[in-house]
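Student: I'd like to ask you about the structure that follows.
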Amino acid sequence: MGDRRVAIVTGAAGGGMGRSIALTLARDGFDVIVNTRQNAEAARAVCEAVATFGVAGAPVVADVASPDGCRQLVAECLARFGRVDACVIGSPGAGWHPDPPDRLNPDDAIADSLAELSPVFALVPLVLPSMSERRWGRIVAITMNPRLPSPSHSYNVAKAARTRAVLSMADFAWKQGVTVNVVAPGPVDPLGDVSQAMRHARNGPRDQNRQPIGPQDIAEGVAFLCSENGRYITGAELPYTFGGPAGA
């Protein structure tokens, strides 16, 4: 604690990208708020793994789909660490409603977009002012590679809406010393358990040529954007493309 940077990672207690992002930021020296909507036990396990990197982790159960949950999340981060330097907005997001456009359920389609947009619109106003005061901050959202659309029309639209909502803030935030970027993968299979995620985060020789793409690959991109090396990158959409020579 003390002078260490502090990151909030939403949806960080499951087996997917959020957990790997939390562990990778811890590896790179961030104290980490491990957010979960309801799985406190899993969040505590991730925090125990975070601590093995010599930094602090704190679990926060809060639903970032609601403004009240976002306020709770940021308030608990400030109470625990006194600052927010990076905010990674991942899960939860849109549901899975694979109806084609001619058979859309409008309630489901609207709910998908709300689920993607609500955390952005609720969290950014809470974290950006203090980042601006320090002239240092990182906001990263997880969306979807538009070149790899899912079979669900409303899911694709919701992810695109999140992308535009986040990137449209980049110019304003840049004037405050804050970068705003989007990481846009396609579907990524989860990892088995915390120990496997930790091993990947340590990025030892046995894991540097891992196949196929997984949560750690996404986490490395987020970590770069949150680092000092990423300080001049803002308003960017970082896509992950599957197949081709790397996956052959």
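Ordering of the structure tokens sets the chain letters (A, B, ...), residue numbers begin anew at 1 in every chain, and ligands are numbered from 1 in the order given.
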Report as a ChimeraX atom specification all protein, DNA and RNA residues lying within 9 Å of Ala7 of chain A, evaluated on only C-alpha atoms, omitting residues in the same chain fewer than 3 positions from it.
Tutor: /A:22,25-26,30-34,77,83-88,138
Student: Do you know which residues are at most 7 Å from Leu238 of chain A counting only C-alpha atoms, after dropping those on the same chain fewer than 3 positions away, and could you put them as a list in words?
Tutor: Val182, Val183 and Ala184 of chain A
Student: Report as number ranges by chain: the residues of segment 92-241 of chain A with a DSSP assignment of strand (DSSP E or B), based on the backbone of this structure.
Tutor: A: 137-142, 178-184, 237-239
Student: For Glu228 of chain A, which residue out of A:Val166, A:Leu104, A:Gly137, A:Leu126 is the nearest one, using only C-alpha atoms?
Tutor: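 Distance minimum relative to Glu228 of chain A lands on A:Gly137.
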Student: Go through A:Ala219, A:Asp112, A:Ser150, A:Leu191 one by one, measure the shortest atom-to-atom distance of each to Pro100 of chain A using only C-alpha atoms, and give the residue with the smallest value.
Tutor: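 Answer, going by the shortest atom-to-atom distance: A:Ser150.
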Student: Pick from A:Leu117, A:Val222, A:Gly29, A:Asn35: nearest to Arg4 of chain A, with only C-alpha atoms counted?
Tutor: A:Gly29
Student: Identify which of the residues A:Asp68, A:Asp108, A:Glu116, A:Asp102 lies closest to Gly90 of chain A, counting only C-alpha atoms when measuring atom-to-atom distances.
Tutor: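 For Gly90 of chain A, the nearest of the candidates is A:Glu116.
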Student: Would you work out the distance separating atom CA of Cys70 of chain A from atom CA of Arg37 of chain A, expressed in Å to one decimal?
Tutor: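 Computing the Euclidean distance for atom CA of Cys70 of chain A and atom CA of Arg37 of chain A yields 10.8 Å.
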Student: Give me, as a list in words, all polymer residues having an atom no more than 10 Å from Pro151 of chain A, counting only C-alpha atoms and skipping those fewer than 4 positions away in the same chain.
Tutor: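 Returned residues: Trp96, His97, Pro98, Asp99, Pro100, Tyr155 and Asn156 of chain A.
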Student: Rank nothing, just name the residue among A:Gly11, A:Pro149, A:Pro215, A:Pro119 nearest to Ala201 of chain A, using only C-alpha atoms.
Tutor: A:Pro215
Student: Just the alpha helix (DSSP H) stuff from segment 74-211 of chain A, please, per backbone DSSP, written as a ChimeraX atom specification.
Tutor: /A:74-81,106-134,153-167,170-174,194-202
